[in-house]
file protein_32.cif (mmCIF, C-alpha atoms)
data_target
#
loop_
_atom_site.label_atom_id
_atom_site.label_comp_id
_atom_site.auth_asym_id
_atom_site.auth_seq_id
_atom_site.Cartn_x
_atom_site.Cartn_y
_atom_site.Cartn_z
CA MET A 1 221.68 -61.39 73.15
CA LYS A 2 220.66 -58.93 70.49
CA ASN A 3 221.72 -55.92 72.54
CA VAL A 4 225.24 -57.31 72.87
CA ASP A 5 225.49 -57.82 69.12
CA SER A 6 224.37 -54.28 68.42
CA LEU A 7 226.82 -52.97 71.03
CA VAL A 8 229.66 -54.88 69.33
CA ALA A 9 228.66 -53.35 66.00
CA LYS A 10 228.44 -49.85 67.50
CA LEU A 11 231.75 -50.05 69.35
CA SER A 12 233.63 -51.37 66.34
CA ALA A 13 232.08 -48.64 64.14
CA ASP A 14 233.13 -45.98 66.67
CA LEU A 15 236.72 -47.25 66.82
CA ARG A 16 239.42 -44.67 66.09
CA PRO A 17 243.17 -45.33 66.04
CA GLN A 18 244.65 -44.82 69.48
CA ALA A 19 248.28 -44.84 70.47
CA PRO A 20 249.08 -47.35 73.20
CA LEU A 21 249.68 -45.72 76.54
CA TRP A 22 253.30 -45.39 77.67
CA SER A 23 254.40 -47.99 80.19
CA PRO A 24 253.83 -47.08 83.87
CA ALA A 25 257.62 -46.99 84.41
CA LYS A 26 258.11 -44.42 81.67
CA ARG A 27 255.13 -42.37 82.85
CA SER A 28 256.38 -42.41 86.45
CA LEU A 29 259.70 -40.92 85.30
CA VAL A 30 257.81 -38.26 83.34
CA TRP A 31 255.69 -37.59 86.43
CA LEU A 32 258.71 -37.27 88.69
CA PHE A 33 260.47 -34.93 86.27
CA LEU A 34 257.42 -32.73 85.61
CA SER A 35 256.47 -32.56 89.29
CA ALA A 36 259.87 -32.31 90.89
CA PHE A 37 261.52 -29.89 88.47
CA PRO A 38 259.27 -26.85 89.17
CA LEU A 39 259.26 -27.63 92.89
CA VAL A 40 263.05 -28.00 92.98
CA LEU A 41 263.42 -24.76 91.02
CA LEU A 42 261.09 -22.93 93.39
CA ILE A 43 262.73 -24.37 96.46
CA PHE A 44 266.25 -23.58 95.22
CA LEU A 45 265.28 -20.00 94.42
CA VAL A 46 263.85 -19.54 97.91
CA GLU A 47 266.78 -21.34 99.46
CA HIS A 48 269.30 -19.22 97.55
CA GLN A 49 267.74 -16.08 98.96
CA ASN A 50 267.29 -17.33 102.51
CA ALA A 51 270.14 -19.68 103.29
CA ALA A 52 272.84 -18.26 105.48
CA SER A 53 275.34 -20.71 104.06
CA GLN A 54 275.07 -23.37 101.38
CA ALA A 55 277.09 -25.75 103.54
CA GLU A 56 274.30 -25.80 106.12
CA ALA A 57 271.78 -26.74 103.49
CA SER A 58 273.83 -29.55 101.91
CA HIS A 59 272.70 -32.18 104.45
CA ARG A 60 269.10 -31.34 103.84
CA ILE A 61 269.58 -31.44 100.07
CA TRP A 62 270.93 -34.98 100.39
CA VAL A 63 267.99 -36.03 102.54
CA GLY A 64 265.69 -34.59 99.89
CA PHE A 65 267.35 -36.38 97.01
CA ILE A 66 267.30 -39.74 98.81
CA GLY A 67 263.61 -39.16 99.48
CA LEU A 68 262.94 -39.03 95.74
CA LEU A 69 263.63 -42.78 95.50
CA PRO A 70 260.59 -44.03 97.51
CA THR A 71 258.60 -41.30 95.75
CA LEU A 72 259.49 -42.71 92.35
CA PHE A 73 258.41 -46.21 93.39
CA ALA A 74 255.17 -44.93 94.93
CA GLY A 75 254.36 -42.98 91.75
CA TRP A 76 255.18 -46.02 89.65
CA ALA A 77 252.85 -48.13 91.83
CA ALA A 78 250.05 -45.56 91.43
CA LEU A 79 250.42 -45.57 87.64
CA ARG A 80 250.53 -49.36 87.54
CA ALA A 81 247.33 -49.44 89.60
CA SER A 82 245.67 -47.48 86.79
CA VAL A 83 246.31 -50.20 84.17
CA PRO A 84 244.34 -53.50 84.20
CA ALA A 85 246.31 -56.66 85.04
CA LYS A 86 249.37 -54.79 86.33
CA ASN A 87 250.52 -55.77 89.80
CA TRP A 88 251.26 -52.63 91.79
CA LYS A 89 251.51 -54.01 95.32
CA PRO A 90 255.20 -55.10 95.29
CA LEU A 91 256.19 -51.58 94.20
CA ALA A 92 254.06 -50.01 96.92
CA TYR A 93 255.67 -52.27 99.56
CA LEU A 94 259.11 -51.51 98.14
CA SER A 95 258.34 -47.82 98.41
CA LEU A 96 257.37 -48.26 102.07
CA ALA A 97 260.57 -50.23 102.73
CA ILE A 98 262.71 -47.49 101.14
CA LEU A 99 260.75 -44.91 103.10
CA ALA A 100 261.79 -46.67 106.32
CA LEU A 101 265.40 -46.71 105.10
CA TRP A 102 265.12 -43.03 104.24
CA VAL A 103 264.13 -42.22 107.82
CA LEU A 104 267.07 -44.28 109.07
CA VAL A 105 269.52 -42.54 106.72
CA SER A 106 268.09 -39.17 107.71
CA PHE A 107 269.01 -39.93 111.32
CA LEU A 108 272.59 -40.51 110.18
CA ILE A 109 272.86 -37.59 107.77
CA LEU A 110 271.17 -34.81 109.72
CA PRO A 111 273.71 -33.38 112.15
CA GLU A 112 271.37 -32.78 115.04
CA ALA A 113 270.10 -36.30 115.26
CA HIS A 114 267.74 -36.99 118.14
CA GLY A 115 267.74 -33.33 118.99
CA ALA A 116 264.61 -31.25 119.51
CA HIS A 117 266.26 -28.06 118.29
CA ASN A 118 263.70 -25.84 116.62
CA PRO A 119 265.41 -22.64 115.49
CA GLN A 120 262.58 -21.00 113.59
CA GLY A 121 259.54 -22.51 115.21
CA HIS A 122 258.62 -24.72 112.25
CA SER A 123 256.04 -27.28 113.24
CA TRP A 124 252.57 -27.77 111.75
CA GLU A 125 253.39 -25.09 109.13
CA CYS A 126 255.72 -27.63 107.50
CA SER A 127 252.91 -30.21 107.24
CA ILE A 128 250.57 -27.69 105.68
CA THR A 129 253.25 -26.54 103.21
CA ILE A 130 253.88 -30.19 102.26
CA PHE A 131 250.18 -30.73 101.59
CA ALA A 132 250.05 -27.55 99.52
CA HIS A 133 253.12 -28.59 97.51
CA ALA A 134 251.61 -32.06 97.01
CA LEU A 135 248.71 -30.64 95.00
CA PHE A 136 250.87 -29.95 91.96
CA PRO A 137 252.32 -33.51 91.61
CA LEU A 138 248.85 -34.87 92.31
CA LEU A 139 247.49 -32.81 89.43
CA ILE A 140 250.22 -34.09 87.10
CA LEU A 141 249.54 -37.66 88.24
CA GLY A 142 245.84 -37.16 87.58
CA LEU A 143 246.62 -35.93 84.05
CA LEU A 144 248.86 -38.95 83.42
CA MET A 145 246.11 -41.27 84.68
CA ARG A 146 243.43 -39.59 82.57
CA LYS A 147 243.92 -41.84 79.54
CA ALA A 148 244.41 -44.93 81.70
CA TYR A 149 241.63 -47.21 82.91
CA VAL A 150 241.41 -47.39 86.67
CA LEU A 151 239.63 -50.53 87.84
CA ASP A 152 239.91 -49.75 91.51
CA PRO A 153 239.85 -45.97 92.04
CA ALA A 154 240.17 -46.21 95.85
CA LYS A 155 243.53 -47.96 95.62
CA ALA A 156 244.89 -45.91 92.71
CA VAL A 157 243.91 -42.59 94.31
CA GLY A 158 245.23 -43.72 97.71
CA VAL A 159 248.66 -44.62 96.31
CA GLY A 160 248.59 -41.50 94.12
CA VAL A 161 247.97 -39.19 97.10
CA PHE A 162 250.66 -40.99 99.08
CA SER A 163 253.24 -40.61 96.30
CA SER A 164 252.42 -36.92 95.79
CA VAL A 165 252.67 -36.10 99.48
CA LEU A 166 255.89 -38.13 99.64
CA LEU A 167 257.37 -36.07 96.81
CA ALA A 168 256.54 -32.80 98.55
CA SER A 169 257.84 -34.25 101.77
CA ALA A 170 261.10 -35.35 100.14
CA LEU A 171 261.80 -31.87 98.79
CA HIS A 172 260.70 -30.01 101.88
CA PRO A 173 263.89 -30.56 103.96
CA VAL A 174 265.69 -28.32 101.44
CA LEU A 175 263.28 -25.51 102.27
CA CYS A 176 263.01 -26.08 106.01
CA PRO A 177 265.96 -24.77 108.04
CA ASN A 178 265.11 -26.96 111.00
CA GLU A 179 267.60 -29.82 110.92
CA SER A 180 266.26 -31.62 113.94
CA THR A 181 265.59 -35.26 113.10
CA LEU A 182 262.66 -35.29 115.47
CA HIS A 183 261.14 -32.38 113.58
CA PHE A 184 261.80 -34.12 110.27
CA VAL A 185 260.15 -37.35 111.38
CA VAL A 186 257.21 -35.81 113.18
CA TRP A 187 256.27 -32.91 110.92
CA HIS A 188 257.66 -33.90 107.52
CA LEU A 189 256.70 -37.57 107.55
CA LEU A 190 253.58 -37.20 109.61
CA ALA A 191 252.00 -35.48 106.63
CA PRO A 192 252.36 -38.35 104.10
CA LEU A 193 251.51 -41.00 106.67
CA GLY A 194 248.49 -39.03 107.79
CA ALA A 195 247.38 -38.68 104.18
CA LEU A 196 247.88 -42.40 103.68
CA CYS A 197 245.70 -43.20 106.68
CA LEU A 198 243.03 -40.70 105.67
CA THR A 199 242.79 -42.06 102.13
CA GLY A 200 243.18 -45.69 103.14
CA LEU A 201 240.74 -45.73 106.04
CA PRO A 202 237.48 -45.41 104.03
CA PHE A 203 238.73 -48.14 101.70
CA LEU A 204 239.54 -50.46 104.61
CA VAL A 205 236.12 -49.84 106.19
CA TRP A 206 234.38 -50.53 102.87
CA LYS A 207 236.44 -53.70 102.28
CA LEU A 208 235.69 -54.95 105.80
CA ARG A 209 231.98 -54.30 105.35
CA THR A 210 231.95 -56.19 102.04
CA LYS A 211 233.77 -59.12 103.67
CA ILE A 212 231.30 -59.25 106.56
CA LYS A 213 228.41 -59.14 104.09
CA ASN A 214 229.81 -62.04 102.10
CA THR A 215 230.35 -64.31 105.09
CA MET B 216 249.23 -83.44 83.34
CA LYS B 217 248.39 -83.76 79.66
CA LYS B 218 245.11 -81.92 80.14
CA LYS B 219 246.85 -79.11 81.94
CA GLU B 220 249.37 -78.83 79.12
CA ASN B 221 246.57 -78.79 76.54
CA ARG B 222 244.80 -76.01 78.41
CA LEU B 223 247.99 -74.01 78.61
CA HIS B 224 248.51 -74.47 74.86
CA ALA B 225 244.92 -73.34 74.22
CA LEU B 226 245.49 -70.33 76.45
CA GLU B 227 248.69 -69.48 74.62
CA ALA B 228 247.01 -69.79 71.20
CA LEU B 229 244.10 -67.61 72.28
CA ASN B 230 246.48 -65.12 73.84
CA THR B 231 248.45 -64.78 70.59
CA ARG B 232 245.25 -64.39 68.59
CA TRP B 233 243.72 -61.78 70.88
CA CYS B 234 247.03 -59.95 71.15
CA ASP B 235 247.17 -59.61 67.33
CA LEU B 236 243.54 -58.49 67.18
CA LEU B 237 244.05 -55.92 69.94
CA ILE B 238 247.17 -54.48 68.28
CA SER B 239 245.22 -54.17 65.00
CA SER B 240 242.34 -52.58 66.92
CA GLN B 241 244.67 -50.00 68.43
CA LYS B 242 245.67 -49.11 64.88
CA GLY B 243 242.00 -48.49 64.10
CA GLU B 244 241.15 -51.67 62.15
CA GLN B 245 237.42 -51.96 62.73
CA GLU B 246 237.08 -55.49 61.34
CA ALA B 247 239.70 -56.88 63.75
CA TYR B 248 238.02 -55.07 66.61
CA ARG B 249 234.58 -56.41 65.68
CA LEU B 250 236.02 -59.93 65.53
CA PHE B 251 237.70 -59.54 68.91
CA LEU B 252 234.61 -58.09 70.61
CA GLY B 253 232.43 -60.80 69.06
CA GLU B 254 234.67 -63.59 70.37
CA LEU B 255 234.93 -61.93 73.75
CA ALA B 256 231.16 -61.43 74.01
CA LYS B 257 230.50 -65.12 73.28
CA LYS B 258 233.04 -66.23 75.87
CA MET B 259 231.69 -63.80 78.46
CA GLU B 260 228.10 -64.92 77.84
CA ARG B 261 229.09 -68.48 78.74
CA ILE B 262 230.83 -67.33 81.91
CA VAL B 263 228.36 -64.74 83.09
CA THR B 264 225.00 -66.43 82.36
CA PRO B 265 225.37 -69.23 84.97
CA LYS B 266 226.46 -66.71 87.61
CA PHE B 267 223.39 -64.50 87.25
CA GLN B 268 219.96 -66.10 87.32
CA ASP B 269 218.43 -63.05 85.68
CA HIS B 270 219.13 -63.21 81.92
CA SER B 271 218.81 -59.47 81.35
CA ARG B 272 221.25 -58.81 84.19
CA ALA B 273 223.73 -61.23 82.64
CA GLU B 274 223.39 -59.36 79.37
CA ASP B 275 224.04 -56.07 81.18
CA VAL B 276 227.22 -57.48 82.71
CA VAL B 277 228.48 -58.66 79.30
CA GLN B 278 227.81 -55.18 77.95
CA GLU B 279 229.65 -53.64 80.92
CA ILE B 280 232.65 -55.84 80.18
CA LEU B 281 232.65 -54.86 76.50
CA LEU B 282 232.41 -51.16 77.38
CA GLY B 283 235.21 -51.57 79.91
CA VAL B 284 237.44 -53.20 77.30
CA HIS B 285 236.56 -50.43 74.83
CA LYS B 286 237.50 -47.69 77.32
CA ALA B 287 240.69 -49.45 78.36
CA LEU B 288 241.90 -50.25 74.82
CA ALA B 289 244.75 -47.73 74.96
CA THR B 290 246.12 -49.35 78.13
CA PHE B 291 246.75 -52.70 76.41
CA ASP B 292 250.46 -53.31 76.20
CA SER B 293 251.48 -55.72 73.42
CA SER B 294 254.34 -57.07 75.54
CA SER B 295 251.91 -58.35 78.19
CA SER B 296 249.24 -61.06 78.08
CA ALA B 297 245.96 -60.19 76.33
CA CYS B 298 244.09 -62.86 78.30
CA SER B 299 245.28 -61.47 81.65
CA TRP B 300 244.30 -57.98 80.56
CA VAL B 301 240.78 -59.07 79.56
CA TYR B 302 240.52 -61.29 82.65
CA ALA B 303 241.31 -58.37 84.99
CA ILE B 304 238.58 -56.21 83.46
CA ALA B 305 235.98 -59.00 83.25
CA ARG B 306 236.60 -60.24 86.80
CA HIS B 307 236.28 -56.73 88.15
CA LYS B 308 233.02 -56.06 86.28
CA ILE B 309 231.47 -59.41 87.30
CA ASN B 310 232.38 -58.92 90.95
CA ASP B 311 231.12 -55.35 90.82
CA SER B 312 227.73 -56.58 89.61
CA LEU B 313 227.66 -59.33 92.23
CA ARG B 314 228.29 -56.70 94.91
CA VAL B 315 225.26 -54.77 93.64
CA ILE B 316 223.18 -57.94 94.02
CA TYR B 317 224.41 -58.41 97.61
CA ARG B 318 223.38 -54.85 98.39
CA GLU B 319 219.95 -55.26 96.77
CA ASP B 320 219.20 -58.71 98.11
CA LYS B 321 220.75 -59.50 101.47
CA ARG B 322 219.52 -63.10 101.30
CA PHE B 323 221.65 -63.76 98.23
CA MET B 324 224.43 -66.07 99.27
CA GLY B 325 227.65 -66.48 97.38
CA GLY B 326 231.16 -65.14 97.29
CA GLU B 327 233.05 -63.09 94.79
CA VAL B 328 234.06 -64.87 91.64
CA ASP B 329 237.67 -65.86 91.68
CA PHE B 330 238.42 -67.74 88.46
CA ASN B 331 241.60 -69.49 87.66
CA LEU B 332 242.88 -67.78 84.51
CA VAL B 333 243.35 -71.05 82.58
CA ASP B 334 239.86 -72.30 83.46
CA PHE B 335 238.42 -68.88 82.70
CA ILE B 336 239.77 -69.08 79.16
CA CYS B 337 239.39 -72.80 78.41
CA LEU B 338 236.44 -74.23 80.31
CA VAL B 339 233.87 -72.13 78.54
CA ASP B 340 235.10 -72.89 75.07
CA GLU B 341 232.80 -75.50 73.48
CA GLY B 342 235.36 -76.48 70.85
CA PHE B 343 238.02 -76.92 73.46
CA LEU B 344 235.74 -79.02 75.68
CA GLN B 345 234.85 -81.25 72.72
CA PHE B 346 238.54 -81.66 71.95
CA GLU B 347 239.22 -82.57 75.59
CA ALA B 348 236.35 -85.06 75.63
CA GLN B 349 237.73 -86.78 72.51
CA GLU B 350 241.17 -86.97 74.08
CA THR B 351 239.72 -88.45 77.28
CA LEU B 352 237.75 -91.01 75.29
CA GLN B 353 240.89 -91.94 73.38
CA GLU B 354 242.73 -92.48 76.68
CA LEU B 355 239.90 -94.67 77.99
CA PHE B 356 239.83 -96.69 74.75
CA GLU B 357 243.45 -97.61 75.41
CA GLU B 358 242.32 -99.34 78.64
CA LEU B 359 240.10 -101.79 76.70
CA ASN B 360 241.40 -104.96 75.08
CA GLU B 361 241.94 -105.26 71.32
CA GLU B 362 238.62 -107.08 70.60
CA GLN B 363 236.58 -104.61 72.63
CA ARG B 364 238.27 -101.65 70.93
CA THR B 365 237.57 -103.10 67.48
CA VAL B 366 233.94 -103.91 68.19
CA LEU B 367 233.30 -100.40 69.61
CA ARG B 368 235.09 -98.75 66.71
CA LEU B 369 233.04 -100.68 64.15
CA THR B 370 229.61 -100.46 65.82
CA LYS B 371 229.75 -97.07 67.55
CA LEU B 372 232.19 -94.99 65.53
CA GLU B 373 231.93 -96.37 61.99
CA GLY B 374 228.22 -97.17 62.41
CA LEU B 375 228.24 -100.75 61.07
CA SER B 376 225.38 -103.08 61.93
CA VAL B 377 225.89 -106.07 64.25
CA ASP B 378 225.73 -108.45 61.26
CA GLU B 379 228.33 -106.48 59.31
CA THR B 380 230.58 -106.30 62.38
CA ALA B 381 230.23 -110.02 63.00
CA ALA B 382 231.12 -110.74 59.37
CA GLN B 383 234.13 -108.43 59.45
CA MET B 384 235.46 -109.80 62.74
CA GLY B 385 234.66 -113.43 61.95
CA LEU B 386 232.48 -113.83 65.06
CA SER B 387 228.88 -114.84 65.65
CA VAL B 388 226.21 -112.14 66.00
CA SER B 389 225.53 -113.05 69.65
CA ASN B 390 229.25 -112.90 70.35
CA VAL B 391 229.42 -109.36 68.92
CA LYS B 392 226.42 -108.31 71.03
CA VAL B 393 228.02 -109.67 74.22
CA LEU B 394 231.37 -108.06 73.36
CA THR B 395 229.73 -104.68 72.70
CA HIS B 396 227.74 -104.86 75.91
CA ARG B 397 230.80 -105.72 78.00
CA ALA B 398 232.95 -103.08 76.31
CA MET B 399 230.33 -100.41 76.94
CA LYS B 400 229.96 -101.51 80.55
CA GLN B 401 233.72 -101.36 81.08
CA LEU B 402 233.93 -97.95 79.39
CA LYS B 403 231.14 -96.64 81.60
CA GLY B 404 233.02 -97.92 84.64
CA LEU B 405 236.20 -96.17 83.48
CA VAL B 406 234.35 -92.88 82.91
CA ASN B 407 232.81 -92.97 86.39
CA ALA B 408 236.00 -94.12 88.12
CA PRO B 409 237.99 -91.47 89.99
CA PRO B 410 241.07 -90.36 87.98
CA HIS B 411 244.12 -92.40 88.89
CA GLU B 412 247.66 -91.17 88.84
CA GLY B 413 249.09 -90.61 85.38
CA ALA B 414 245.80 -90.85 83.52
CA GLN B 415 244.33 -87.45 84.38
CA SER B 416 245.65 -84.11 85.48
#
call {"tool": "encode", "arguments": {"input": "protein_32.cif", "output": "structure tokens"}}
result
Amino acid sequence: MKNVDSLVAKLSADLRPQAPLWSPAKRSLVWLFLSAFPLVLLIFLVEHQNAASQAEASHRIWVGFIGLLPTLFAGWAALRASVPAKNWKPLAYLSLAILALWVLVSFLILPEAHGAHNPQGHSWECSITIFAHALFPLLILGLLMRKAYVLDPAKAVGVGVFSSVLLASALHPVLCPNESTLHFVVWHLLAPLGALCLTGLPFLVWKLRTKIKNT
Amino acid sequence: MKKKENRLHALEALNTRWCDLLISSQKGEQEAYRLFLGELAKKMERIVTPKFQDHSRAEDVVQEILLGVHKALATFDSSSSACSWVYAIARHKINDSLRVIYREDKRFMGGEVDFNLVDFICLVDEGFLQFEAQETLQELFEELNEEQRTVLRLTKLEGLSVDETAAQMGLSVSNVKVLTHRAMKQLKGLVNAPPHEGAQS
């Protein structure tokens, strides 16, 4: 294999010192800080101007902060998926489990649980705002993944989109004055779950087709 | 069990070696990197060639693996296993190429490659296989009686003639011939016999 020998010689001649990439855990914290900080700042500025009373917003702030936990795990899973030989699935499942707990806690924290109260007519606008806010964390995640080596882009991008939408979704209750739990579940969580399905569906179809081909 | 332990030791030794070479490579030491890529290329050739009937395609896959490792070098974390890291990249590249073959030739039958990590590292290493064969032979020698062991050692390992062996053992030439024949027959039977509990892993 002469070509292989010449490739080995070429690659070793081209080698330049390169700093090892930070661990996915460290990078996920950086991602959360860089993505959440500007969003939190923006949201708090808007909230400060609009909120009738800070006491009303406190429930929603708590819901938002709890929502950062599954976001952190989802981001961590996405960054692990971009490094060879790192198992990301347990973190992704953990994130989903905490997401379910988050919904449960939201039912307890939000005062108008089970209500369909909709004071300012927020509905699909919330979902669109969440998607728009998700672009910034997604960009940061993309930059953090740039130096990594993604073996399976479909999975890494899928988890990455999910974590970004989850982050925007976690911070959105602070901005949205509608404290109805029904509204929160339908319009705030519908967005990340919809994104998950949209990004995961092509991958599932492709995987199924490959399996059928191999049998 | 002994074989399994030996393979795990070999894996550990290779892991340490590759880990050191990869850390040096990350620091920009070209010689260490050349050594690592050379070793990896040889190992990959032995794995990939039987999987792809087309030699040039096998060579392409080995090159893909080397390029993948080169691009991913910064992601290697010295606290994790070098073998697992290489294995993940190689397995992905091999399966990717197999998928291309399925798409091109629908008649091609075969599943994705799913190596066991230990086999992936050890079973393609000629030196390791030779070492294992010697160990197995040593185990089988223990099953023979003293006379048979001696006659095989003298005639087959030390290369003495039948006359010299007969003189050394104080036996007749025909006796040595019969002993050698029976010992070889028994050894052949032991090699072909299914592994029994305790002798093999």
call {"tool": "closest_residue", "arguments": {"input": "protein_32.cif", "among": "A:Trp206, A:Phe33, A:Trp22, A:Phe131", "to": "His188 (chain A)", "atoms": "all atoms listed in the file"}}
result
A:Phe131
call {"tool": "interface_residues", "arguments": {"input": "protein_32.cif", "of": "chain A", "to": "chain B", "cutoff": "10 Å", "atoms": "all atoms listed in the file", "output": "MDAnalysis selection string"}}
result
chainID A and resid 1:5 7:24 82:86 147:152 210:211 213:215
call {"tool": "atom_distance", "arguments": {"input": "protein_32.cif", "atom1": "CA of Ala191 (chain A)", "atom2": "CA of Ala134 (chain A)"}}
result
10.2 Å
call {"tool": "closest_residue", "arguments": {"input": "protein_32.cif", "among": "B:Phe356, B:Ala408, B:Val366, B:Leu372", "to": "Val391 (chain B)", "atoms": "all atoms listed in the file"}}
result
B:Val366
call {"tool": "resolve_selection", "arguments": {"input": "protein_32.cif", "expression": "the PyMOL selection byres ((chain A and resi 65) around 12)", "output": "list of chain:residue names"}}
result
A:Ala36, A:Val40, A:Ser58, A:His59, A:Arg60, A:Ile61, A:Trp62, A:Val63, A:Gly64, A:Ile66, A:Gly67, A:Leu68, A:Leu69, A:Pro70, A:Thr71, A:Leu72, A:Trp102, A:Val105, A:Ser106, A:Leu166, A:Leu167, A:Ala168, A:Ser169, A:Ala170, A:Leu171, A:His172, A:Pro173, A:Val174
call {"tool": "resolve_selection", "arguments": {"input": "protein_32.cif", "expression": "the PyMOL selection byres ((chain B and resi 392) around 10)", "output": "number ranges by chain"}}
result
B: 366, 370, 377-378, 380-381, 387-391, 393-398
call {"tool": "atom_distance", "arguments": {"input": "protein_32.cif", "atom1": "CA of Ile128 (chain A)", "atom2": "CA of Leu42 (chain A)"}}
result
16.9 Å
call {"tool": "residues_near_point", "arguments": {"input": "protein_32.cif", "point": "(249.5, -40.0, 81.7)", "cutoff": "9 Å", "atoms": "only C-alpha atoms", "output": "ChimeraX atom specification"}}
result
/A:21-22,24,27-28,30-31,79,140-148
call {"tool": "atom_distance", "arguments": {"input": "protein_32.cif", "atom1": "CA of Lys258 (chain B)", "atom2": "CA of Arg80 (chain A)"}}
result
27.0 Å
call {"tool": "axis_aligned_box", "arguments": {"input": "protein_32.cif", "around": "region 242-256 of chain B", "padding_each_side": "6 Å", "output": "JSON"}}
result
{"center_x": 238.4, "center_y": -56.0, "center_z": 67.7, "size_x": 26.5, "size_y": 27.1, "size_z": 24.7}
call {"tool": "closest_residue", "arguments": {"input": "protein_32.cif", "among": "A:Ser95, A:Pro90, A:Ser123, A:Ala74", "to": "Pro177 (chain A)", "atoms": "only C-alpha atoms"}}
result
A:Ser123
call {"tool": "decode", "arguments": {"input": "protein_32.cif", "residues": "region 383-400 of chain B", "atoms": "N, CA and C atoms", "output": "compact mmCIF listing (two decimals), in the first residue's frame"}}
result
# COMPACT_ATOMS: atom_id res chain seq x y z
N GLN B 383 20.69 -40.21 23.03
CA GLN B 383 20.52 -39.35 24.21
C GLN B 383 19.51 -39.93 25.20
N MET B 384 18.44 -40.56 24.65
CA MET B 384 17.40 -41.08 25.53
C MET B 384 17.65 -42.53 25.95
N GLY B 385 18.65 -43.16 25.34
CA GLY B 385 18.97 -44.54 25.67
C GLY B 385 17.93 -45.50 25.14
N LEU B 386 17.35 -45.19 23.97
CA LEU B 386 16.32 -46.05 23.37
C LEU B 386 16.79 -46.49 21.99
N SER B 387 16.08 -47.48 21.42
CA SER B 387 16.42 -47.89 20.06
C SER B 387 15.84 -46.88 19.07
N VAL B 388 16.38 -46.89 17.85
CA VAL B 388 15.93 -45.95 16.81
C VAL B 388 14.45 -46.17 16.50
N SER B 389 14.06 -47.46 16.36
CA SER B 389 12.65 -47.74 16.04
C SER B 389 11.73 -47.28 17.16
N ASN B 390 12.22 -47.41 18.39
CA ASN B 390 11.43 -46.97 19.54
C ASN B 390 11.18 -45.46 19.49
N VAL B 391 12.24 -44.71 19.12
CA VAL B 391 12.13 -43.25 19.01
C VAL B 391 11.13 -42.88 17.92
N LYS B 392 11.19 -43.61 16.79
CA LYS B 392 10.28 -43.33 15.67
C LYS B 392 8.82 -43.55 16.10
N VAL B 393 8.60 -44.66 16.79
CA VAL B 393 7.23 -44.98 17.25
C VAL B 393 6.75 -43.91 18.24
N LEU B 394 7.65 -43.57 19.19
CA LEU B 394 7.30 -42.56 20.21
C LEU B 394 6.94 -41.21 19.56
N THR B 395 7.77 -40.82 18.58
CA THR B 395 7.53 -39.53 17.89
C THR B 395 6.19 -39.57 17.16
N HIS B 396 5.95 -40.68 16.47
CA HIS B 396 4.71 -40.80 15.71
C HIS B 396 3.49 -40.71 16.64
N ARG B 397 3.57 -41.43 17.76
CA ARG B 397 2.43 -41.44 18.69
C ARG B 397 2.23 -40.06 19.34
N ALA B 398 3.36 -39.43 19.68
CA ALA B 398 3.27 -38.11 20.31
C ALA B 398 2.64 -37.10 19.36
N MET B 399 3.05 -37.17 18.09
CA MET B 399 2.51 -36.24 17.09
C MET B 399 1.01 -36.48 16.88
N LYS B 400 0.66 -37.78 16.87
CA LYS B 400 -0.74 -38.14 16.67
C LYS B 400 -1.59 -37.60 17.82
